[in-house]
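Contents: one structure, followed by commentary.
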Amino acid sequence: MQDDLDIDVEIMVTKILPLYNGPFVKLRIKSSDVEYTVSKPLLCQESAYFKAMFEGEFSEDAEQIATLEPVEGVLSVRSVQCLLQWIYHKRYFVNKKQPAQEQISSAIELARLADMCMVSGLGLHLAQCIKDVLVANPDPDIGLMRNANKNVFALTGNHIRMAGCLPTGHAVRSMIASASVEGFLGRGNFKFASEAREYPTFASDLLFEVKKALVTMKWKSAEFLDPITRKTMSVNGVLLD
């Protein structure tokens, strides 16, 4: 569904407005007192997961009530609320009252819930939100030297683990890997060296982002010794000797 603020008024009235009407369904979160009444047409249009649940052969179809099981790092009261905010308004707002690490955790959690519920359109938006948090919360430089881990100060190993559960190529996964490129290539200890060895998804994403970064180099003096041929090569593949 398009952003309500950017669509033609006739389309809004004839195509979009009916989606906000009934019939309505209820979403309950197990082991809590939380229950939401949601427009069934809107929910089913935005989520293939709920469409199958309420219009398919599931028991919820008869009751029009879905009881959702909390899943750590995926489904919580917070992530469901944020998902409904996106479904209704195509908006997601970072809670800047939270610590930076918690802001990132919330964004990744929502990305995983949206993936589970097959709700599209959030990936790029959430990746930008995470980037904004990282830029606003850098690791201080060390004296006159730039800190190579500057971009990942607000990231944790748990963020890498959570993001690694998203599909390959997901914008949030790519953002976390791209934020780690400078630390990986820079001098000193790479903050997530152990995670790069422990989590193959992060290692593959990081390798892909490193390659993208290296091809942007504009000088010819960046050289390496090929481990197979033992010949000196440049990062752009030119044979130097």
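To be explicit about the labels: the chains of the structure tokens are called A, B, and onward in the order shown, and within each one the residues are counted from 1, while ligands get numbers from 1 in the order they are shown.
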Spatial neighbours of Glu209 in chain A, max dist 8 Å, only C-alpha atoms, sep filter under 5 positions, as a PyMOL selection string:
chain A and resi 174+177-178+181
Residues just named, written with N, CA and C atoms as an mmCIF file, in the first residue's frame:
```cif
data_model
loop_
_atom_site.group_PDB
_atom_site.id
_atom_site.type_symbol
_atom_site.label_atom_id
_atom_site.label_comp_id
_atom_site.auth_asym_id
_atom_site.auth_seq_id
_atom_site.Cartn_x
_atom_site.Cartn_y
_atom_site.Cartn_z
ATOM 1 N N SER A 174 22.811 -6.193 5.182
ATOM 2 C CA SER A 174 23.840 -5.503 4.400
ATOM 3 C C SER A 174 24.333 -4.255 5.120
ATOM 4 N N ALA A 177 26.772 -5.181 7.911
ATOM 5 C CA ALA A 177 28.056 -5.607 7.344
ATOM 6 C C ALA A 177 28.831 -4.411 6.796
ATOM 7 N N SER A 178 28.152 -3.508 6.103
ATOM 8 C CA SER A 178 28.841 -2.357 5.520
ATOM 9 C C SER A 178 29.387 -1.437 6.612
ATOM 10 N N VAL A 181 32.926 -2.582 7.667
ATOM 11 C CA VAL A 181 34.016 -2.651 6.692
ATOM 12 C C VAL A 181 35.261 -1.910 7.169
#
```
Range 16-128 of chain A near range 134-157 of chain A within 10 Å: what's each residue's closest atom pair and its distance in Å to one decimal, counting only C-alpha atoms, ordered by chain then ascending residue number, as JSON lines?
```
{"residue": "A:Pro99", "atom": "CA", "partner": "A:Ala154", "partner_atom": "CA", "distance": 9.0}
{"residue": "A:Ala100", "atom": "CA", "partner": "A:Ala154", "partner_atom": "CA", "distance": 6.0}
{"residue": "A:Gln101", "atom": "CA", "partner": "A:Ala154", "partner_atom": "CA", "distance": 5.3}
{"residue": "A:Glu102", "atom": "CA", "partner": "A:Ala154", "partner_atom": "CA", "distance": 9.1}
{"residue": "A:Gln103", "atom": "CA", "partner": "A:Ala154", "partner_atom": "CA", "distance": 9.4}
{"residue": "A:Ile104", "atom": "CA", "partner": "A:Leu155", "partner_atom": "CA", "distance": 7.7}
{"residue": "A:Ser105", "atom": "CA", "partner": "A:Leu155", "partner_atom": "CA", "distance": 9.1}
{"residue": "A:Gln128", "atom": "CA", "partner": "A:Leu134", "partner_atom": "CA", "distance": 9.8}
```
Would you pick out the contacts of Pro70 in chain A at 7 Å or less, using only C-alpha atoms, so that residues sharing its chain but fewer than 2 positions from it are not included, and give the list as a PyMOL selection string?
chain A and resi 29-30+68+72+75-76
Proximity to Gly123 in chain A - best of A:Cys165, A:Gln85, A:Arg173, A:Val80, only C-alpha atoms:
A:Arg173
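The protein and nucleic acid residues lying at most 10 Å from Leu166 in chain A are Ile108, Ala111, Arg112, Leu113, Asp115, Met116, Arg161, Met162, Ala163, Gly164, Thr168, Gly169, His170, Ala171, Val172, Arg173 and Thr201 of chain A, with only C-alpha atoms considered and sequence neighbours fewer than 2 positions away removed.
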Okay, now the selection with N, CA, C and O atoms, as an mmCIF file, in the first residue's frame?
```cif
data_model
loop_
_atom_site.group_PDB
_atom_site.id
_atom_site.type_symbol
_atom_site.label_atom_id
_atom_site.label_comp_id
_atom_site.auth_asym_id
_atom_site.auth_seq_id
_atom_site.Cartn_x
_atom_site.Cartn_y
_atom_site.Cartn_z
ATOM 1 N N ILE A 108 15.949 -4.290 14.292
ATOM 2 C CA ILE A 108 16.221 -5.635 13.779
ATOM 3 C C ILE A 108 15.077 -6.575 14.132
ATOM 4 O O ILE A 108 14.666 -7.414 13.321
ATOM 5 N N ALA A 111 12.351 -5.997 11.732
ATOM 6 C CA ALA A 111 12.701 -6.558 10.429
ATOM 7 C C ALA A 111 12.444 -8.059 10.395
ATOM 8 O O ALA A 111 11.932 -8.602 9.404
ATOM 9 N N ARG A 112 12.776 -8.735 11.480
ATOM 10 C CA ARG A 112 12.570 -10.187 11.534
ATOM 11 C C ARG A 112 11.085 -10.539 11.609
ATOM 12 O O ARG A 112 10.635 -11.517 10.997
ATOM 13 N N LEU A 113 10.306 -9.748 12.368
ATOM 14 C CA LEU A 113 8.870 -10.009 12.436
ATOM 15 C C LEU A 113 8.221 -9.757 11.073
ATOM 16 O O LEU A 113 7.363 -10.532 10.627
ATOM 17 N N ASP A 115 9.605 -10.044 8.209
ATOM 18 C CA ASP A 115 9.980 -11.159 7.341
ATOM 19 C C ASP A 115 9.131 -12.387 7.647
ATOM 20 O O ASP A 115 8.653 -13.066 6.729
ATOM 21 N N MET A 116 8.910 -12.673 8.928
ATOM 22 C CA MET A 116 8.093 -13.821 9.321
ATOM 23 C C MET A 116 6.665 -13.666 8.817
ATOM 24 O O MET A 116 6.050 -14.640 8.349
ATOM 25 N N ARG A 161 24.126 -11.484 15.383
ATOM 26 C CA ARG A 161 23.430 -12.778 15.430
ATOM 27 C C ARG A 161 21.977 -12.621 14.987
ATOM 28 O O ARG A 161 21.471 -13.427 14.191
ATOM 29 N N MET A 162 21.295 -11.593 15.489
ATOM 30 C CA MET A 162 19.896 -11.376 15.132
ATOM 31 C C MET A 162 19.726 -11.094 13.640
ATOM 32 O O MET A 162 18.861 -11.663 12.974
ATOM 33 N N ALA A 163 20.574 -10.214 13.118
ATOM 34 C CA ALA A 163 20.468 -9.848 11.709
ATOM 35 C C ALA A 163 20.787 -11.023 10.797
ATOM 36 O O ALA A 163 20.247 -11.126 9.697
ATOM 37 N N GLY A 164 21.651 -11.921 11.271
ATOM 38 C CA GLY A 164 22.016 -13.085 10.475
ATOM 39 C C GLY A 164 20.858 -14.034 10.230
ATOM 40 O O GLY A 164 20.944 -14.905 9.353
ATOM 41 N N THR A 168 19.287 -13.721 3.015
ATOM 42 C CA THR A 168 20.449 -13.195 2.305
ATOM 43 C C THR A 168 20.038 -12.014 1.435
ATOM 44 O O THR A 168 19.022 -12.066 0.737
ATOM 45 N N GLY A 169 20.815 -10.951 1.494
ATOM 46 C CA GLY A 169 20.515 -9.770 0.699
ATOM 47 C C GLY A 169 19.584 -8.788 1.369
ATOM 48 O O GLY A 169 19.321 -7.716 0.808
ATOM 49 N N HIS A 170 19.083 -9.120 2.557
ATOM 50 C CA HIS A 170 18.199 -8.184 3.265
ATOM 51 C C HIS A 170 18.963 -6.909 3.586
ATOM 52 O O HIS A 170 20.138 -6.937 3.964
ATOM 53 N N ALA A 171 18.298 -5.773 3.427
ATOM 54 C CA ALA A 171 18.954 -4.478 3.595
ATOM 55 C C ALA A 171 19.538 -4.279 4.984
ATOM 56 O O ALA A 171 20.586 -3.639 5.141
ATOM 57 N N VAL A 172 18.898 -4.815 6.001
ATOM 58 C CA VAL A 172 19.404 -4.663 7.370
ATOM 59 C C VAL A 172 20.694 -5.457 7.548
ATOM 60 O O VAL A 172 21.651 -4.969 8.161
ATOM 61 N N ARG A 173 20.729 -6.674 7.024
ATOM 62 C CA ARG A 173 21.964 -7.464 7.065
ATOM 63 C C ARG A 173 23.100 -6.735 6.364
ATOM 64 O O ARG A 173 24.228 -6.650 6.870
ATOM 65 N N THR A 201 26.979 -16.232 8.108
ATOM 66 C CA THR A 201 26.176 -15.239 7.398
ATOM 67 C C THR A 201 26.828 -13.862 7.475
ATOM 68 O O THR A 201 26.870 -13.133 6.473
#
```
Neighbouring residues of Val25 in chain A were defined as those with any atom within 6 Å, considering only C-alpha atoms; residues of the same chain fewer than 5 positions away were excluded. Please report them as a list of chain:residue names.
A:Thr37, A:Val38, A:Lys40, A:Gln64, A:Ile65
Resulting file, chosen residues, N, CA and C atoms, as a PDB file, in the first residue's frame:
```
ATOM      1  N   THR A  37      -7.415  -5.023  17.881  1.00  0.00           N
ATOM      2  CA  THR A  37      -8.466  -5.194  16.884  1.00  0.00           C
ATOM      3  C   THR A  37      -7.993  -4.524  15.597  1.00  0.00           C
ATOM      4  N   VAL A  38      -7.923  -5.315  14.533  1.00  0.00           N
ATOM      5  CA  VAL A  38      -7.292  -4.850  13.291  1.00  0.00           C
ATOM      6  C   VAL A  38      -8.224  -5.098  12.113  1.00  0.00           C
ATOM      7  N   LYS A  40      -9.376  -6.572   8.970  1.00  0.00           N
ATOM      8  CA  LYS A  40      -9.008  -7.795   8.270  1.00  0.00           C
ATOM      9  C   LYS A  40      -8.593  -7.543   6.820  1.00  0.00           C
ATOM     10  N   GLN A  64     -11.591 -15.810  13.927  1.00  0.00           N
ATOM     11  CA  GLN A  64     -11.127 -14.466  13.618  1.00  0.00           C
ATOM     12  C   GLN A  64     -10.279 -13.895  14.756  1.00  0.00           C
ATOM     13  N   ILE A  65      -9.605 -14.813  15.448  1.00  0.00           N
ATOM     14  CA  ILE A  65      -8.686 -14.428  16.516  1.00  0.00           C
ATOM     15  C   ILE A  65      -7.390 -15.200  16.321  1.00  0.00           C
TER      16      ILE A  65
END
```
Can you pull out every residue within 12 Å of Ser194 in chain A, counting only C-alpha atoms, but drop anything in the same chain fewer than 4 positions away, and send it as an mmCIF file with C-alpha atoms, in the first residue's frame?
```
data_model
loop_
_atom_site.group_PDB
_atom_site.id
_atom_site.type_symbol
_atom_site.label_atom_id
_atom_site.label_comp_id
_atom_site.auth_asym_id
_atom_site.auth_seq_id
_atom_site.Cartn_x
_atom_site.Cartn_y
_atom_site.Cartn_z
ATOM 1 C CA THR A 156 26.841 -5.612 19.495
ATOM 2 C CA GLY A 157 27.510 -9.244 18.757
ATOM 3 C CA ILE A 160 24.995 -9.527 14.292
ATOM 4 C CA ARG A 161 23.430 -12.778 15.430
ATOM 5 C CA PHE A 184 37.784 -4.951 9.309
ATOM 6 C CA ASN A 189 41.670 -4.971 16.559
ATOM 7 C CA PHE A 190 38.472 -5.486 14.600
ATOM 8 C CA GLU A 198 31.552 -17.695 14.342
ATOM 9 C CA TYR A 199 28.674 -16.572 12.107
ATOM 10 C CA PRO A 200 29.003 -17.548 8.422
ATOM 11 C CA PHE A 202 28.023 -12.222 8.796
ATOM 12 C CA ALA A 203 31.308 -13.359 7.257
#
```
DSSP-assigned alpha helix (DSSP H) among range 97-178 of chain A, expressed as number ranges by chain:
A: 100-116, 123-136, 157-163, 171-178
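Residue nearest Tyr20 in chain A within the list A:Asp132, A:Glu55, A:Glu46, A:Glu182: A:Glu46 [criterion: smallest interatomic distance, only C-alpha atoms].
A straight line drawn from CA of Leu185 in chain A to CA of Ser106 in chain A is 28.3 Å long.
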